[in-house]
>>> print(open('protein-v9.txt').read())   # compact mmCIF, C-alpha atoms and all ligand atoms
# COMPACT_ATOMS: atom_id res chain seq x y z
CA MET U 73 27.28 -249.64 145.90
CA SER U 74 23.85 -248.31 145.01
CA GLU U 75 23.22 -246.42 141.81
CA SER U 76 22.38 -243.28 143.76
CA THR U 77 25.72 -243.43 145.60
CA LEU U 78 27.47 -243.71 142.27
CA ALA U 79 25.51 -240.74 140.92
CA GLN U 80 26.34 -238.72 144.03
CA ASN U 81 30.02 -239.61 143.84
CA LEU U 82 30.11 -238.69 140.19
CA ALA U 83 28.41 -235.36 140.83
CA ALA U 84 30.94 -234.63 143.59
CA VAL U 85 33.85 -235.41 141.24
CA ARG U 86 32.40 -233.20 138.53
CA THR U 87 31.99 -230.41 141.10
CA ARG U 88 35.64 -230.77 142.13
CA ILE U 89 36.76 -230.64 138.50
CA GLN U 90 34.67 -227.55 137.80
CA ALA U 91 35.93 -225.82 140.95
CA ALA U 92 39.54 -226.51 139.93
CA CYS U 93 38.86 -225.23 136.41
CA ASP U 94 37.42 -222.03 137.89
CA GLN U 95 40.24 -221.61 140.37
CA PHE U 96 43.04 -222.15 137.87
CA ASP U 97 41.34 -220.58 134.88
CA ILE U 98 41.25 -223.73 132.75
CA GLU U 99 38.41 -224.23 130.27
CA ALA U 100 36.28 -227.14 131.42
CA SER U 101 36.39 -228.68 127.95
CA ARG U 102 40.14 -229.21 128.43
CA VAL U 103 39.56 -231.67 131.29
CA GLN U 104 38.43 -235.20 130.55
CA LEU U 105 37.29 -237.73 133.10
CA LEU U 106 38.54 -241.30 132.91
CA ALA U 107 36.69 -243.58 135.35
CA VAL U 108 39.05 -246.24 136.69
CA SER U 109 36.89 -249.33 137.07
CA LYS U 110 39.57 -251.87 138.02
CA THR U 111 38.33 -254.42 140.57
CA PHE U 112 34.69 -253.29 140.13
CA PRO U 113 32.23 -255.57 138.34
CA ALA U 114 30.88 -254.97 134.86
CA GLN U 115 27.48 -254.14 136.31
CA GLN U 116 28.93 -251.07 138.05
CA VAL U 117 30.53 -249.95 134.82
CA ARG U 118 27.13 -250.34 133.18
CA GLU U 119 25.60 -248.09 135.86
CA ALA U 120 28.40 -245.57 135.44
CA ALA U 121 27.80 -245.57 131.68
CA ALA U 122 24.11 -244.98 132.30
CA ALA U 123 25.12 -242.03 134.50
CA GLY U 124 26.94 -240.52 131.52
CA LEU U 125 30.52 -241.79 131.72
CA CYS U 126 32.08 -243.22 128.57
CA ASP U 127 35.80 -243.58 129.32
CA PHE U 128 36.85 -246.48 131.56
CA GLY U 129 40.32 -247.49 132.72
CA GLU U 130 41.50 -250.99 133.55
CA ASN U 131 44.84 -252.15 134.99
CA TYR U 132 44.74 -255.89 134.44
CA VAL U 133 44.45 -257.37 130.95
CA GLN U 134 42.30 -260.38 131.80
CA GLU U 135 39.90 -258.45 134.01
CA GLY U 136 39.63 -255.72 131.40
CA ILE U 137 38.82 -257.96 128.47
CA GLU U 138 36.22 -259.85 130.51
CA LYS U 139 34.47 -256.58 131.30
CA ILE U 140 34.70 -255.37 127.71
CA ALA U 141 33.06 -258.65 126.63
CA ALA U 142 30.35 -258.39 129.30
CA LEU U 143 29.53 -254.87 128.06
CA GLN U 144 29.76 -255.65 124.36
CA ASP U 145 26.28 -254.21 123.80
CA LEU U 146 27.67 -250.79 124.83
CA ARG U 147 30.92 -251.16 122.88
CA SER U 148 30.27 -248.41 120.35
CA GLN U 149 29.62 -245.80 123.05
CA LEU U 150 32.49 -246.67 125.42
CA HIS U 151 36.23 -246.04 125.23
CA TRP U 152 38.36 -248.56 127.07
CA HIS U 153 41.75 -247.44 128.40
CA PHE U 154 44.50 -249.79 129.50
CA ILE U 155 46.42 -248.04 132.30
CA GLY U 156 48.42 -250.80 134.03
CA PRO U 157 51.82 -252.40 133.56
CA LEU U 158 51.90 -254.53 130.39
CA GLN U 159 54.06 -257.61 129.77
CA SER U 160 54.99 -258.35 126.17
CA ASN U 161 53.06 -261.64 126.21
CA LYS U 162 49.81 -259.71 126.85
CA THR U 163 50.13 -257.03 124.21
CA LYS U 164 47.87 -258.81 121.75
CA GLU U 165 44.79 -258.62 124.00
CA VAL U 166 45.33 -254.90 124.47
CA ALA U 167 45.85 -254.35 120.73
CA LEU U 168 42.66 -256.28 119.95
CA HIS U 169 40.28 -254.96 122.59
CA PHE U 170 41.27 -251.54 123.93
CA ASP U 171 41.00 -248.04 122.44
CA TRP U 172 43.76 -246.46 124.51
CA MET U 173 46.98 -247.50 126.23
CA HIS U 174 48.37 -245.03 128.80
CA SER U 175 51.32 -246.94 130.18
CA LEU U 176 53.61 -247.40 127.20
CA GLU U 177 57.21 -247.33 128.37
CA ARG U 178 59.23 -249.57 126.04
CA GLU U 179 59.87 -249.64 122.31
CA LYS U 180 59.44 -253.40 122.15
CA ILE U 181 55.92 -253.12 123.56
CA ALA U 182 55.15 -250.28 121.15
CA GLN U 183 56.26 -252.38 118.18
CA ARG U 184 54.22 -255.38 119.25
CA LEU U 185 51.09 -253.31 119.87
CA SER U 186 51.45 -251.69 116.46
CA GLU U 187 51.95 -255.01 114.66
CA GLN U 188 49.08 -256.64 116.52
CA ARG U 189 46.58 -253.81 116.09
CA PRO U 190 43.99 -255.03 113.56
CA ALA U 191 43.86 -252.93 110.40
CA SER U 192 40.06 -252.86 110.76
CA LEU U 193 40.39 -250.75 113.93
CA ALA U 194 41.60 -247.18 114.32
CA PRO U 195 45.21 -246.99 115.51
CA LEU U 196 45.56 -247.60 119.25
CA LYS U 197 45.82 -244.23 121.00
CA VAL U 198 48.83 -244.21 123.31
CA CYS U 199 50.38 -242.13 126.06
CA ILE U 200 53.98 -242.66 127.08
CA GLN U 201 54.36 -243.24 130.81
CA VAL U 202 57.15 -241.13 132.29
CA ASN U 203 59.03 -241.77 135.48
CA VAL U 204 58.84 -238.32 137.05
CA SER U 205 60.60 -237.67 140.34
CA GLY U 206 58.75 -239.29 143.20
CA GLU U 207 57.16 -241.89 140.93
CA ALA U 208 55.04 -244.37 142.88
CA SER U 209 56.66 -247.34 141.12
CA LYS U 210 59.70 -248.01 138.97
CA SER U 211 57.44 -247.81 135.93
CA GLY U 212 57.83 -245.31 133.17
CA VAL U 213 60.53 -244.20 130.80
CA SER U 214 63.21 -241.86 132.17
CA ALA U 215 63.07 -238.25 131.10
CA SER U 216 66.31 -238.74 129.17
CA ALA U 217 64.92 -241.63 127.08
CA LEU U 218 61.49 -240.08 126.57
CA GLU U 219 62.09 -238.16 123.38
CA ALA U 220 63.53 -241.12 121.48
CA LEU U 221 60.61 -243.34 122.49
CA CYS U 222 58.10 -240.68 121.43
CA LEU U 223 59.77 -240.21 118.03
CA ARG U 224 59.84 -243.95 117.46
CA THR U 225 56.22 -244.43 118.57
CA ALA U 226 55.07 -241.63 116.28
CA GLU U 227 56.32 -243.68 113.30
CA LEU U 228 54.39 -246.84 114.08
CA PRO U 229 51.32 -247.29 111.86
CA GLY U 230 49.19 -249.15 114.39
CA LEU U 231 49.63 -246.50 117.10
CA SER U 232 48.57 -242.89 117.49
CA LEU U 233 50.75 -240.96 119.93
CA ARG U 234 48.49 -238.75 122.08
CA GLY U 235 50.44 -237.62 125.11
CA LEU U 236 52.26 -238.38 128.34
CA MET U 237 51.18 -240.09 131.55
CA ALA U 238 52.62 -240.30 135.08
CA ILE U 239 51.71 -241.75 138.47
CA PRO U 240 53.57 -239.72 141.10
CA GLU U 241 53.68 -241.10 144.61
CA PRO U 242 50.68 -239.96 146.66
CA THR U 243 51.45 -237.04 148.94
CA PRO U 244 49.20 -234.63 150.82
CA ASP U 245 51.67 -231.83 150.08
CA ILE U 246 49.96 -229.75 147.39
CA ALA U 247 53.16 -227.97 146.35
CA LEU U 248 54.85 -231.34 145.82
CA GLN U 249 51.86 -232.73 143.89
CA ARG U 250 51.97 -229.71 141.63
CA SER U 251 55.72 -229.79 141.11
CA ARG U 252 55.52 -233.35 139.79
CA PHE U 253 52.69 -232.60 137.41
CA ARG U 254 54.55 -229.46 136.34
CA GLU U 255 57.58 -231.62 135.59
CA LEU U 256 55.45 -233.84 133.33
CA ALA U 257 53.90 -230.78 131.68
CA GLY U 258 57.38 -229.39 130.98
CA LEU U 259 58.46 -232.65 129.35
CA PHE U 260 55.26 -232.62 127.32
CA THR U 261 56.03 -229.15 126.00
CA GLN U 262 59.57 -230.19 125.05
CA VAL U 263 58.42 -233.33 123.25
CA ARG U 264 55.77 -231.45 121.37
CA ALA U 265 58.34 -228.94 120.13
CA THR U 266 60.53 -231.80 118.94
CA LEU U 267 57.60 -233.44 117.17
CA GLU U 268 56.75 -230.15 115.49
CA GLN U 269 60.26 -230.06 114.08
CA GLN U 270 60.87 -233.71 113.33
CA ARG U 271 57.42 -235.34 112.89
CA PRO U 272 55.12 -232.42 112.11
CA ALA U 273 52.26 -234.69 111.03
CA ALA U 274 52.21 -236.28 114.51
CA ALA U 275 52.37 -233.04 116.51
CA PRO U 276 48.70 -231.89 116.51
CA ASP U 277 47.38 -235.13 118.02
CA PHE U 278 50.00 -235.03 120.75
CA ASN U 279 47.89 -232.92 123.10
CA LEU U 280 47.09 -234.88 126.25
CA LEU U 281 48.41 -235.23 129.79
CA SER U 282 47.11 -238.31 131.60
CA MET U 283 47.61 -237.21 135.21
CA GLY U 284 45.75 -236.75 138.45
CA MET U 285 43.82 -239.32 140.51
CA SER U 286 41.17 -239.13 143.25
CA ALA U 287 43.47 -237.48 145.77
CA ASP U 288 45.26 -234.96 143.55
CA LEU U 289 43.07 -234.13 140.55
CA GLU U 290 43.02 -230.40 141.42
CA SER U 291 46.82 -230.22 141.25
CA ALA U 292 46.82 -231.96 137.88
CA ILE U 293 44.24 -229.55 136.48
CA ALA U 294 46.24 -226.62 137.86
CA GLU U 295 49.28 -227.76 135.84
CA THR U 296 47.52 -228.32 132.51
CA PRO U 297 50.05 -226.95 129.99
CA ALA U 298 49.11 -224.41 127.35
CA GLY U 299 47.49 -225.94 124.30
CA ALA U 300 46.88 -229.31 125.95
CA ARG U 301 44.14 -231.24 127.65
CA VAL U 302 44.34 -233.22 130.85
CA MET U 303 42.69 -236.57 131.49
CA VAL U 304 42.24 -237.26 135.20
CA ARG U 305 42.07 -240.97 136.11
CA ILE U 306 39.56 -241.33 138.93
CA GLY U 307 38.75 -244.61 140.69
CA THR U 308 37.98 -244.36 144.40
CA ALA U 309 36.15 -241.04 144.26
CA ILE U 310 33.67 -242.53 141.78
CA PHE U 311 33.39 -246.22 142.67
CA GLY U 312 34.43 -246.23 146.32
CA LEU U 313 37.21 -248.16 148.02
CA ARG U 314 38.68 -251.08 146.09
CA GLN U 315 39.23 -254.60 147.31
CA PRO U 316 42.92 -255.58 147.18
CA ALA U 317 44.23 -256.26 143.65
CA PRO U 318 43.55 -259.78 142.30
C1 LIG Y 401 44.02 -247.27 140.31
C2 LIG Y 401 44.57 -246.23 139.42
C3 LIG Y 401 43.99 -244.96 139.34
C4 LIG Y 401 42.81 -244.52 140.19
O1 LIG Y 401 43.25 -244.22 141.47
P1 LIG Y 401 42.26 -243.57 142.58
O2 LIG Y 401 43.17 -243.04 143.60
O3 LIG Y 401 41.39 -244.67 143.06
O4 LIG Y 401 41.48 -242.52 141.89
C5 LIG Y 401 44.51 -244.06 138.43
N1 LIG Y 401 45.55 -244.39 137.65
C6 LIG Y 401 46.14 -245.59 137.70
C7 LIG Y 401 47.28 -245.89 136.80
C8 LIG Y 401 45.67 -246.54 138.58
O5 LIG Y 401 46.29 -247.72 138.64
>>> encode(input="protein-v9.txt", output="C-alpha cells", more="lines below")
Ligand SMILES: *Cc1c(COP(=O)(O)O)cnc(C)c1O
Amino acid sequence: MSESTLAQNLAAVRTRIQAACDQFDIEASRVQLLAVSKTFPAQQVREAAAAGLCDFGENYVQEGIEKIAALQDLRSQLHWHFIGPLQSNKTKEVALHFDWMHSLEREKIAQRLSEQRPASLAPLKVCIQVNVSGEASKSGVSASALEALCLRTAELPGLSLRGLMAIPEPTPDIALQRSRFRELAGLFTQVRATLEQQRPAAAPDFNLLSMGMSADLESAIAETPAGARVMVRIGTAIFGLRQPAP
C-alpha cells in the first residue's frame, strides 16, 4: 500500500469518527483510535506513525514483539496494545513489551501478567474481554463472572484496570450492532459502580470501552456510556485487506 493510500484511508476513518460524534452528540475527545496492524509489516506501522497514529494493536505475540523491536527507535512515542487470545505460556512477552492488554479473560493470566510486569515499567493497562451475546468467538468472561474478575484484577500491583472490551459477531444490522455495544456499556456502568463502592481508588481509571471495528465503529461510538471513552480498533479501514492469519 502506498503512503498516500494510507493517508487517505486514515482521513476517511477520521471523517467517519467525527461524523458519528456529531450524529450521536459525543465529544470527539472521548473517542480514541487504535490502529490494528496485525499481519502488516513494521514499515507500514512506521508510515502510519508518521501520519500521526500512536496506538497500534497486535493479535499475535511473536509478530507483535518483532514489530515492537523493529520500531524500537519510535518506542517512546508509540503505545502497543495486545488484543488477541493469550496463552499462559506467552504472558511474559506481553508483560515485558506491551503497554496495554485488551483481551484479559482469566484470573490466572491476570496474576501472571502482574507478576511478570517489570517494576521499571508502568503497570500494564488492561481491559477485561467480555463475552456479550453474539460474541464472534468463545472468548471473553461471562457477564456473571465479570465483576469478580474486575475486583481481583484491580488488586494486582502490576496491572491497571482500564475498562471492558468485546468483539461481537459482525452483522450488517445496525440495531443489533448497537444492542451488543449497549450491553457492554451497561456492564461497564455496573462494574464501575461496584468499584466505586469496593475499590474506590481503582474507579477513576476504569473509564474505557474497547469496542467497534472497521465495519461497526459508528455503532460503538453511539453507545459510548456516560463518563467513559471509547477506543475503536480499526484494521482494514486503515491498512486495507489482510492476508490470512499466520
Ligand atoms: C483484527 C481485529 C480488529 C480489526 O478489525 P477490522 O475489521 O479489520 O477493523 C479489531 N479487534 C480485534 C480484536 C481484532 O482481532
>>> closest_residue(input="protein-v9.txt", among="U:Gln269, U:Gln104, U:Gln95, U:Ser251", to="Leu281 (chain U)", atoms="only C-alpha atoms")
U:Gln104
>>> axis_aligned_box(input="protein-v9.txt", around="ligand LIG 401 (chain Y)", padding_each_side="6 Å", output="lines of an AutoDock Vina configuration file")
center_x = 44.3
center_y = -245.1
center_z = 140.2
size_x = 17.9
size_y = 17.2
size_z = 18.8
>>> residues_near_ligand(input="protein-v9.txt", ligand="ligand LIG 401 (chain Y)", cutoff="8 Å", atoms="only C-alpha atoms and all ligand atoms", output="list of chain:residue names")
U:Ala107, U:Val108, U:Lys110, U:Gly129, U:Glu130, U:Asn131, U:Ile155, U:Gly156, U:Ser175, U:Ala238, U:Ile239, U:Met283, U:Gly284, U:Met285, U:Ser286, U:Ala287, U:Val304, U:Arg305, U:Ile306, U:Gly307, U:Thr308, U:Ala309, U:Ile310, U:Gly312, U:Leu313, U:Arg314
>>> closest_residue(input="protein-v9.txt", among="U:Val198, U:Gly258, U:Gln270, U:Ser209", to="Gly235 (chain U)", atoms="all atoms listed in the file")
U:Val198
>>> residues_around(input="protein-v9.txt", residues="Arg189 (chain U)", least_positions_apart="5", cutoff="12 Å", atoms="all atoms listed in the file", output="list in words")
Thr163, Lys164, Glu165, Val166, Ala167, Leu168, His169, Phe170, Asp171, Trp172, Met173, Ile181, Ala182, Gln183, Arg184, Ala194, Pro195, Leu196, Lys197, Leu228, Pro229, Gly230, Leu231 and Ser232 of chain U
>>> atom_distance(input="protein-v9.txt", atom1="CA of Gln115 (chain U)", atom2="CA of Arg86 (chain U)")
21.6 Å
>>> atom_distance(input="protein-v9.txt", atom1="CA of Ser211 (chain U)", atom2="CA of Leu176 (chain U)")
9.5 Å
>>> atom_distance(input="protein-v9.txt", atom1="CA of Lys180 (chain U)", atom2="CA of His153 (chain U)")
19.7 Å
>>> residues_around(input="protein-v9.txt", residues="Glu75 (chain U)", least_positions_apart="3", cutoff="9 Å", atoms="all atoms listed in the file", output="mmCIF file with C-alpha atoms, in the frame of the given file")
data_model
loop_
_atom_site.group_PDB
_atom_site.id
_atom_site.type_symbol
_atom_site.label_atom_id
_atom_site.label_comp_id
_atom_site.auth_asym_id
_atom_site.auth_seq_id
_atom_site.Cartn_x
_atom_site.Cartn_y
_atom_site.Cartn_z
ATOM 1 C CA LEU U 78 27.470 -243.710 142.270
ATOM 2 C CA ALA U 79 25.510 -240.740 140.920
ATOM 3 C CA GLN U 80 26.340 -238.720 144.030
ATOM 4 C CA GLN U 116 28.930 -251.070 138.050
ATOM 5 C CA GLU U 119 25.600 -248.090 135.860
ATOM 6 C CA ALA U 120 28.400 -245.570 135.440
ATOM 7 C CA ALA U 123 25.120 -242.030 134.500
#
>>> residues_around(input="protein-v9.txt", residues="Ala298 (chain U)", least_positions_apart="3", cutoff="10 Å", atoms="only C-alpha atoms", output="ChimeraX atom specification")
/U:98,257,261,279,295,301
>>> write_last_selection(input="protein-v9.txt", atoms="C-alpha atoms", output="PDB file, in the frame of the given file")
ATOM      1  CA  ILE U  98      41.250-223.730 132.750  1.00  0.00           C
ATOM      2  CA  ALA U 257      53.900-230.780 131.680  1.00  0.00           C
ATOM      3  CA  THR U 261      56.030-229.150 126.000  1.00  0.00           C
ATOM      4  CA  ASN U 279      47.890-232.920 123.100  1.00  0.00           C
ATOM      5  CA  GLU U 295      49.280-227.760 135.840  1.00  0.00           C
ATOM      6  CA  ARG U 301      44.140-231.240 127.650  1.00  0.00           C
TER       7      ARG U 301
END
>>> build_atoms(input="protein-v9.txt", residues="region 248-284 of chain U", atoms="N, CA and C atoms", output="short mmCIF file (atom, residue, chain, number, x, y, z; two decimals), in the frame of the given file")
data_model
loop_
_atom_site.label_atom_id
_atom_site.label_comp_id
_atom_site.auth_asym_id
_atom_site.auth_seq_id
_atom_site.Cartn_x
_atom_site.Cartn_y
_atom_site.Cartn_z
N LEU U 248 54.11 -230.20 146.38
CA LEU U 248 54.85 -231.34 145.82
C LEU U 248 54.02 -232.01 144.72
N GLN U 249 52.73 -232.18 144.95
CA GLN U 249 51.86 -232.73 143.89
C GLN U 249 52.03 -231.90 142.63
N ARG U 250 51.93 -230.59 142.80
CA ARG U 250 51.97 -229.71 141.63
C ARG U 250 53.33 -229.74 140.96
N SER U 251 54.39 -229.82 141.74
CA SER U 251 55.72 -229.79 141.11
C SER U 251 55.94 -231.02 140.23
N ARG U 252 55.35 -232.15 140.62
CA ARG U 252 55.52 -233.35 139.79
C ARG U 252 54.70 -233.29 138.52
N PHE U 253 53.50 -232.77 138.63
CA PHE U 253 52.69 -232.60 137.41
C PHE U 253 53.31 -231.54 136.50
N ARG U 254 53.90 -230.51 137.13
CA ARG U 254 54.55 -229.46 136.34
C ARG U 254 55.75 -230.04 135.58
N GLU U 255 56.45 -230.96 136.25
CA GLU U 255 57.58 -231.62 135.59
C GLU U 255 57.09 -232.37 134.35
N LEU U 256 55.99 -233.10 134.48
CA LEU U 256 55.45 -233.84 133.33
C LEU U 256 55.00 -232.86 132.24
N ALA U 257 54.36 -231.78 132.66
CA ALA U 257 53.90 -230.78 131.68
C ALA U 257 55.08 -230.17 130.93
N GLY U 258 56.19 -229.94 131.63
CA GLY U 258 57.38 -229.39 130.98
C GLY U 258 57.95 -230.36 129.95
N LEU U 259 57.98 -231.64 130.30
CA LEU U 259 58.46 -232.65 129.35
C LEU U 259 57.54 -232.71 128.14
N PHE U 260 56.24 -232.62 128.41
CA PHE U 260 55.26 -232.62 127.32
C PHE U 260 55.57 -231.50 126.33
N THR U 261 55.80 -230.31 126.86
CA THR U 261 56.03 -229.15 126.00
C THR U 261 57.30 -229.34 125.17
N GLN U 262 58.32 -229.91 125.78
CA GLN U 262 59.57 -230.19 125.05
C GLN U 262 59.35 -231.20 123.92
N VAL U 263 58.64 -232.29 124.26
CA VAL U 263 58.42 -233.33 123.25
C VAL U 263 57.59 -232.78 122.10
N ARG U 264 56.60 -231.97 122.45
CA ARG U 264 55.77 -231.45 121.37
C ARG U 264 56.59 -230.56 120.42
N ALA U 265 57.49 -229.78 120.99
CA ALA U 265 58.34 -228.94 120.13
C ALA U 265 59.20 -229.81 119.22
N THR U 266 59.71 -230.89 119.76
CA THR U 266 60.53 -231.80 118.94
C THR U 266 59.69 -232.44 117.84
N LEU U 267 58.48 -232.86 118.19
CA LEU U 267 57.60 -233.44 117.17
C LEU U 267 57.31 -232.41 116.08
N GLU U 268 57.05 -231.18 116.49
CA GLU U 268 56.75 -230.15 115.49
C GLU U 268 57.89 -230.01 114.49
N GLN U 269 59.12 -230.18 114.99
CA GLN U 269 60.26 -230.06 114.08
C GLN U 269 60.51 -231.33 113.28
N GLN U 270 60.40 -232.47 113.96
CA GLN U 270 60.87 -233.71 113.33
C GLN U 270 59.77 -234.62 112.81
N ARG U 271 58.55 -234.53 113.37
CA ARG U 271 57.42 -235.34 112.89
C ARG U 271 56.18 -234.45 112.87
N PRO U 272 56.20 -233.42 112.04
CA PRO U 272 55.12 -232.42 112.11
C PRO U 272 53.73 -233.02 111.97
N ALA U 273 53.60 -234.10 111.21
CA ALA U 273 52.26 -234.69 111.03
C ALA U 273 51.73 -235.26 112.34
N ALA U 274 52.63 -235.66 113.25
CA ALA U 274 52.21 -236.28 114.51
C ALA U 274 51.97 -235.25 115.62
N ALA U 275 52.40 -234.01 115.42
CA ALA U 275 52.37 -233.04 116.51
C ALA U 275 50.96 -232.64 116.96
N PRO U 276 50.01 -232.38 116.03
CA PRO U 276 48.70 -231.89 116.51
C PRO U 276 47.97 -232.86 117.43
N ASP U 277 48.08 -234.15 117.18
CA ASP U 277 47.38 -235.13 118.02
C ASP U 277 48.07 -235.35 119.36
N PHE U 278 49.27 -234.89 119.49
CA PHE U 278 50.00 -235.03 120.75
C PHE U 278 49.58 -233.86 121.65
N ASN U 279 48.49 -234.07 122.39
CA ASN U 279 47.89 -232.92 123.10
C ASN U 279 47.29 -233.29 124.45
N LEU U 280 47.75 -234.39 125.04
CA LEU U 280 47.09 -234.88 126.25
C LEU U 280 48.08 -235.20 127.38
N LEU U 281 47.71 -234.80 128.59
CA LEU U 281 48.41 -235.23 129.79
C LEU U 281 47.48 -236.14 130.57
N SER U 282 47.88 -237.39 130.77
CA SER U 282 47.11 -238.31 131.60
C SER U 282 47.68 -238.22 133.00
N MET U 283 47.06 -237.43 133.86
CA MET U 283 47.61 -237.21 135.21
C MET U 283 46.52 -236.75 136.16
N GLY U 284 46.71 -237.10 137.41
CA GLY U 284 45.75 -236.75 138.45
C GLY U 284 44.85 -237.94 138.76
#
